[in-house]
Amino acid sequence: MKKMLFLCLALLLGFTKFAAAQSLSPLGTWTNAEKKATFEIYKCDGDKLCGKIVSLTVPNDPKTGKPKTDTVNPDPKLRSRPRLGMVFMQGFEYDSDNKWDDGKIYDPESGKTYSCYIKMQNANTMEVKGYIGFSMIGRSQTWTRVK
């Protein structure tokens with residue numbers, strides 16, 4: 001009887017831990033430390049995650065007064081696309097322990113694309129790490145949930 005009670009308790013704790021891990025979702029609106037923009041993380045391509053720019057603190061180019069565009073994109077055909085609404089994160093798949101990996105992130109300020117993962121630290125904070133090659137070498141940012 002004690003073995004059965006222990007087994008039931010262990011299963012219950014295991015399900016509770018699994019449910020808690022799944023409850024930390026990156027879906028929603030976020031901002032980075034510089035607060036230059038807000039980003040929406042949403043489902044795309046089935047269970048994968050993508051991200052787009054939903055607002056900019058300085059939406060217009062100070063030189064021209066026109067909405068900012070993707071001026072440094074390596075593809076000349078994309079340089080006139082607006083930054084606002086731009087999908088700049090894509091392909092993230094759930095890995096484990098509140099981590100989504102195998103994604104790509106595009107930096108519209110440099111025109112460079114990096115491999116990337118996102119990892120929830122708590123319900124309102126996540127680590128976003130862009131890297132080339134190995135994830136141990138790269139740059140991390142902490143993003144904060146806006147809503």
# chains A, B, ... in the order shown; residues from 1 in each chain; ligands from 1
call {"tool": "select_by_dssp", "arguments": {"residues": "region 3-146 of chain A", "states": "helix (DSSP H, G or I)", "output": "ChimeraX atom specification"}}
result
/A:3-23,76-78
call {"tool": "residues_around", "arguments": {"residues": "Gly138 (chain A)", "least_positions_apart": "3", "cutoff": "10 Å", "atoms": "only C-alpha atoms", "output": "list in words"}}
result
Tyr114, Ser115, Cys116, Lys129, Gly130, Tyr131, Ile132, Gly133, Phe134 and Ser135 of chain A
call {"tool": "write_last_selection", "arguments": {"atoms": "all heavy atoms", "output": "PDB file, in the first residue's frame"}}
result
ATOM      1  N   TYR A 114      21.306  35.902 -37.182  1.00  0.00           N
ATOM      2  CA  TYR A 114      22.014  35.009 -36.263  1.00  0.00           C
ATOM      3  C   TYR A 114      21.142  33.818 -35.903  1.00  0.00           C
ATOM      4  O   TYR A 114      19.914  33.912 -35.924  1.00  0.00           O
ATOM      5  CB  TYR A 114      22.346  35.756 -34.952  1.00  0.00           C
ATOM      6  CG  TYR A 114      23.184  36.985 -35.155  1.00  0.00           C
ATOM      7  CD1 TYR A 114      22.588  38.238 -35.287  1.00  0.00           C
ATOM      8  CD2 TYR A 114      24.570  36.909 -35.220  1.00  0.00           C
ATOM      9  CE1 TYR A 114      23.352  39.382 -35.470  1.00  0.00           C
ATOM     10  CE2 TYR A 114      25.342  38.043 -35.412  1.00  0.00           C
ATOM     11  CZ  TYR A 114      24.726  39.279 -35.530  1.00  0.00           C
ATOM     12  OH  TYR A 114      25.491  40.402 -35.727  1.00  0.00           O
ATOM     13  N   SER A 115      21.784  32.709 -35.541  1.00  0.00           N
ATOM     14  CA  SER A 115      21.072  31.620 -34.894  1.00  0.00           C
ATOM     15  C   SER A 115      20.640  32.149 -33.537  1.00  0.00           C
ATOM     16  O   SER A 115      21.289  33.043 -32.978  1.00  0.00           O
ATOM     17  CB  SER A 115      21.978  30.404 -34.717  1.00  0.00           C
ATOM     18  OG  SER A 115      22.369  29.899 -35.970  1.00  0.00           O
ATOM     19  N   CYS A 116      19.559  31.599 -32.990  1.00  0.00           N
ATOM     20  CA  CYS A 116      19.033  32.179 -31.759  1.00  0.00           C
ATOM     21  C   CYS A 116      18.236  31.151 -30.968  1.00  0.00           C
ATOM     22  O   CYS A 116      17.654  30.227 -31.544  1.00  0.00           O
ATOM     23  CB  CYS A 116      18.129  33.361 -32.121  1.00  0.00           C
ATOM     24  SG  CYS A 116      17.502  34.311 -30.720  1.00  0.00           S
ATOM     25  N   LYS A 129      19.132  34.893 -26.957  1.00  0.00           N
ATOM     26  CA  LYS A 129      20.560  34.818 -27.260  1.00  0.00           C
ATOM     27  C   LYS A 129      20.775  34.559 -28.739  1.00  0.00           C
ATOM     28  O   LYS A 129      20.336  33.546 -29.280  1.00  0.00           O
ATOM     29  CB  LYS A 129      21.243  33.724 -26.449  1.00  0.00           C
ATOM     30  CG  LYS A 129      22.748  33.704 -26.671  1.00  0.00           C
ATOM     31  CD  LYS A 129      23.470  32.881 -25.650  1.00  0.00           C
ATOM     32  CE  LYS A 129      24.971  33.065 -25.783  1.00  0.00           C
ATOM     33  NZ  LYS A 129      25.693  32.375 -24.736  1.00  0.00           N
ATOM     34  N   GLY A 130      21.452  35.496 -29.387  1.00  0.00           N
ATOM     35  CA  GLY A 130      21.852  35.353 -30.777  1.00  0.00           C
ATOM     36  C   GLY A 130      23.301  34.931 -30.845  1.00  0.00           C
ATOM     37  O   GLY A 130      24.118  35.391 -30.049  1.00  0.00           O
ATOM     38  N   TYR A 131      23.618  34.054 -31.805  1.00  0.00           N
ATOM     39  CA  TYR A 131      24.988  33.551 -31.884  1.00  0.00           C
ATOM     40  C   TYR A 131      25.292  33.074 -33.296  1.00  0.00           C
ATOM     41  O   TYR A 131      24.398  32.866 -34.116  1.00  0.00           O
ATOM     42  CB  TYR A 131      25.212  32.412 -30.878  1.00  0.00           C
ATOM     43  CG  TYR A 131      24.262  31.244 -31.049  1.00  0.00           C
ATOM     44  CD1 TYR A 131      24.596  30.157 -31.844  1.00  0.00           C
ATOM     45  CD2 TYR A 131      23.019  31.227 -30.421  1.00  0.00           C
ATOM     46  CE1 TYR A 131      23.737  29.092 -32.012  1.00  0.00           C
ATOM     47  CE2 TYR A 131      22.144  30.167 -30.575  1.00  0.00           C
ATOM     48  CZ  TYR A 131      22.513  29.098 -31.376  1.00  0.00           C
ATOM     49  OH  TYR A 131      21.650  28.049 -31.546  1.00  0.00           O
ATOM     50  N   ILE A 132      26.578  32.908 -33.564  1.00  0.00           N
ATOM     51  CA  ILE A 132      27.049  32.320 -34.818  1.00  0.00           C
ATOM     52  C   ILE A 132      27.776  31.043 -34.435  1.00  0.00           C
ATOM     53  O   ILE A 132      28.698  31.069 -33.625  1.00  0.00           O
ATOM     54  CB  ILE A 132      28.009  33.281 -35.553  1.00  0.00           C
ATOM     55  CG1 ILE A 132      27.273  34.557 -35.952  1.00  0.00           C
ATOM     56  CG2 ILE A 132      28.603  32.601 -36.787  1.00  0.00           C
ATOM     57  CD1 ILE A 132      28.167  35.629 -36.543  1.00  0.00           C
ATOM     58  N   GLY A 133      27.348  29.941 -34.997  1.00  0.00           N
ATOM     59  CA  GLY A 133      28.012  28.667 -34.712  1.00  0.00           C
ATOM     60  C   GLY A 133      27.530  28.030 -33.424  1.00  0.00           C
ATOM     61  O   GLY A 133      26.560  27.297 -33.416  1.00  0.00           O
ATOM     62  N   PHE A 134      28.208  28.327 -32.315  1.00  0.00           N
ATOM     63  CA  PHE A 134      27.903  27.696 -31.036  1.00  0.00           C
ATOM     64  C   PHE A 134      27.199  28.675 -30.109  1.00  0.00           C
ATOM     65  O   PHE A 134      27.587  29.839 -30.029  1.00  0.00           O
ATOM     66  CB  PHE A 134      29.188  27.197 -30.357  1.00  0.00           C
ATOM     67  CG  PHE A 134      29.923  26.188 -31.186  1.00  0.00           C
ATOM     68  CD1 PHE A 134      31.042  26.558 -31.918  1.00  0.00           C
ATOM     69  CD2 PHE A 134      29.497  24.873 -31.240  1.00  0.00           C
ATOM     70  CE1 PHE A 134      31.725  25.639 -32.696  1.00  0.00           C
ATOM     71  CE2 PHE A 134      30.167  23.946 -32.011  1.00  0.00           C
ATOM     72  CZ  PHE A 134      31.290  24.323 -32.740  1.00  0.00           C
ATOM     73  N   SER A 135      26.201  28.197 -29.381  1.00  0.00           N
ATOM     74  CA  SER A 135      25.430  29.088 -28.516  1.00  0.00           C
ATOM     75  C   SER A 135      26.230  29.586 -27.311  1.00  0.00           C
ATOM     76  O   SER A 135      25.816  30.534 -26.655  1.00  0.00           O
ATOM     77  CB  SER A 135      24.149  28.400 -28.042  1.00  0.00           C
ATOM     78  OG  SER A 135      24.441  27.275 -27.255  1.00  0.00           O
TER      79      SER A 135
END
call {"tool": "select_by_dssp", "arguments": {"residues": "chain A", "states": "strand (DSSP E or B)", "output": "PyMOL selection string"}}
result
chain A and resi 28-31+37-44+48-56+60+67+69+82+87-96+99-107+112-122+125-131+138-145
call {"tool": "atom_distance", "arguments": {"atom1": "CA of Ala123 (chain A)", "atom2": "CA of Val58 (chain A)"}}
result
27.7 Å
call {"tool": "residues_around", "arguments": {"residues": "Ser110 (chain A)", "least_positions_apart": "2", "cutoff": "10 Å", "atoms": "only C-alpha atoms", "output": "VMD selection string"}}
result
chain A and resid 70 to 74 106 to 108 112 to 113
call {"tool": "write_last_selection", "arguments": {"atoms": "all heavy atoms", "output": "short mmCIF file (atom, residue, chain, number, x, y, z; two decimals), in the first residue's frame"}}
result
data_model
loop_
_atom_site.label_atom_id
_atom_site.label_comp_id
_atom_site.auth_asym_id
_atom_site.auth_seq_id
_atom_site.Cartn_x
_atom_site.Cartn_y
_atom_site.Cartn_z
N ASP A 70 14.29 48.98 -43.74
CA ASP A 70 15.37 47.99 -43.55
C ASP A 70 16.57 48.36 -44.41
O ASP A 70 17.03 47.57 -45.23
CB ASP A 70 14.80 46.62 -43.89
CG ASP A 70 15.67 45.48 -43.42
OD1 ASP A 70 16.62 45.71 -42.65
OD2 ASP A 70 15.39 44.34 -43.83
N THR A 71 17.12 49.55 -44.21
CA THR A 71 18.12 50.15 -45.09
C THR A 71 19.44 49.39 -45.20
O THR A 71 20.14 49.53 -46.20
CB THR A 71 18.45 51.59 -44.66
OG1 THR A 71 18.84 51.58 -43.28
CG2 THR A 71 17.24 52.49 -44.84
N VAL A 72 19.82 48.60 -44.20
CA VAL A 72 21.12 47.91 -44.25
C VAL A 72 20.98 46.42 -44.60
O VAL A 72 21.93 45.67 -44.47
CB VAL A 72 21.90 48.08 -42.92
CG1 VAL A 72 22.29 49.53 -42.72
CG2 VAL A 72 21.11 47.56 -41.74
N ASN A 73 19.80 46.01 -45.06
CA ASN A 73 19.60 44.62 -45.43
C ASN A 73 20.57 44.25 -46.55
O ASN A 73 20.75 45.02 -47.50
CB ASN A 73 18.16 44.40 -45.90
CG ASN A 73 17.80 42.93 -45.96
OD1 ASN A 73 18.42 42.15 -46.67
ND2 ASN A 73 16.81 42.55 -45.20
N PRO A 74 21.22 43.07 -46.46
CA PRO A 74 22.15 42.67 -47.52
C PRO A 74 21.45 42.45 -48.87
O PRO A 74 22.11 42.52 -49.91
CB PRO A 74 22.77 41.37 -47.00
CG PRO A 74 21.95 40.95 -45.85
CD PRO A 74 21.19 42.12 -45.35
N TYR A 106 16.98 38.33 -36.91
CA TYR A 106 17.56 39.31 -37.82
C TYR A 106 17.67 40.65 -37.08
O TYR A 106 16.72 41.08 -36.44
CB TYR A 106 16.67 39.46 -39.05
CG TYR A 106 17.06 40.59 -39.96
CD1 TYR A 106 18.21 40.52 -40.74
CD2 TYR A 106 16.29 41.75 -40.03
CE1 TYR A 106 18.57 41.56 -41.57
CE2 TYR A 106 16.65 42.80 -40.86
CZ TYR A 106 17.79 42.70 -41.62
OH TYR A 106 18.16 43.74 -42.45
N ASP A 107 18.83 41.27 -37.17
CA ASP A 107 19.05 42.57 -36.55
C ASP A 107 18.94 43.65 -37.62
O ASP A 107 19.85 43.81 -38.44
CB ASP A 107 20.44 42.61 -35.90
CG ASP A 107 20.78 43.95 -35.28
OD1 ASP A 107 19.91 44.86 -35.28
OD2 ASP A 107 21.91 44.10 -34.79
N PRO A 108 17.83 44.41 -37.64
CA PRO A 108 17.66 45.41 -38.69
C PRO A 108 18.61 46.60 -38.57
O PRO A 108 18.75 47.38 -39.51
CB PRO A 108 16.20 45.86 -38.55
CG PRO A 108 15.81 45.48 -37.17
CD PRO A 108 16.66 44.32 -36.77
N LYS A 112 22.34 41.85 -40.11
CA LYS A 112 22.88 40.50 -39.92
C LYS A 112 21.82 39.58 -39.31
O LYS A 112 20.98 40.02 -38.53
CB LYS A 112 24.12 40.54 -39.03
CG LYS A 112 25.25 41.29 -39.69
CD LYS A 112 26.50 41.27 -38.86
CE LYS A 112 27.59 42.04 -39.60
NZ LYS A 112 28.80 42.15 -38.84
N THR A 113 21.91 38.30 -39.68
CA THR A 113 21.02 37.27 -39.16
C THR A 113 21.85 36.28 -38.34
O THR A 113 22.95 35.90 -38.74
CB THR A 113 20.31 36.53 -40.31
OG1 THR A 113 19.55 37.49 -41.07
CG2 THR A 113 19.37 35.46 -39.79
#
call {"tool": "closest_residue", "arguments": {"among": "A:Asp47, A:Asp102, A:Asp75, A:Glu127", "to": "Trp143 (chain A)", "atoms": "only C-alpha atoms"}}
result
A:Glu127
call {"tool": "closest_residue", "arguments": {"among": "A:Lys43, A:Gln90, A:Leu56, A:Asn124", "to": "Val146 (chain A)", "atoms": "only C-alpha atoms"}}
result
A:Asn124
call {"tool": "residues_around", "arguments": {"residues": "region 23-33 of chain A", "least_positions_apart": "6", "cutoff": "10 Å", "atoms": "only C-alpha atoms", "output": "ChimeraX atom specification"}}
result
/A:17,39-43,49-55,97-100,118-128,141-147
call {"tool": "residues_around", "arguments": {"residues": "Pro67 (chain A)", "least_positions_apart": "6", "cutoff": "8 Å", "atoms": "only C-alpha atoms", "output": "list of chain:residue names"}}
result
A:Pro59, A:Asn60, A:Asp61, A:Pro82, A:Arg83
call {"tool": "write_last_selection", "arguments": {"atoms": "N, CA and C atoms", "output": "mmCIF file, in the first residue's frame"}}
result
data_model
loop_
_atom_site.group_PDB
_atom_site.id
_atom_site.type_symbol
_atom_site.label_atom_id
_atom_site.label_comp_id
_atom_site.auth_asym_id
_atom_site.auth_seq_id
_atom_site.Cartn_x
_atom_site.Cartn_y
_atom_site.Cartn_z
ATOM 1 N N PRO A 59 9.724 55.818 -34.558
ATOM 2 C CA PRO A 59 9.296 55.110 -35.768
ATOM 3 C C PRO A 59 9.781 55.732 -37.078
ATOM 4 N N ASN A 60 10.151 57.007 -37.046
ATOM 5 C CA ASN A 60 10.570 57.678 -38.282
ATOM 6 C C ASN A 60 12.064 57.949 -38.285
ATOM 7 N N ASP A 61 12.629 57.907 -39.468
ATOM 8 C CA ASP A 61 14.044 58.208 -39.658
ATOM 9 C C ASP A 61 14.247 59.704 -39.383
ATOM 10 N N PRO A 82 9.303 48.303 -44.594
ATOM 11 C CA PRO A 82 9.221 48.993 -43.301
ATOM 12 C C PRO A 82 9.685 48.104 -42.144
ATOM 13 N N ARG A 83 10.310 48.723 -41.160
ATOM 14 C CA ARG A 83 10.695 47.978 -39.952
ATOM 15 C C ARG A 83 9.467 47.622 -39.127
#
call {"tool": "closest_residue", "arguments": {"among": "A:Thr69, A:Pro76, A:Ala37, A:Gly103", "to": "Thr57 (chain A)", "atoms": "only C-alpha atoms"}}
result
A:Ala37
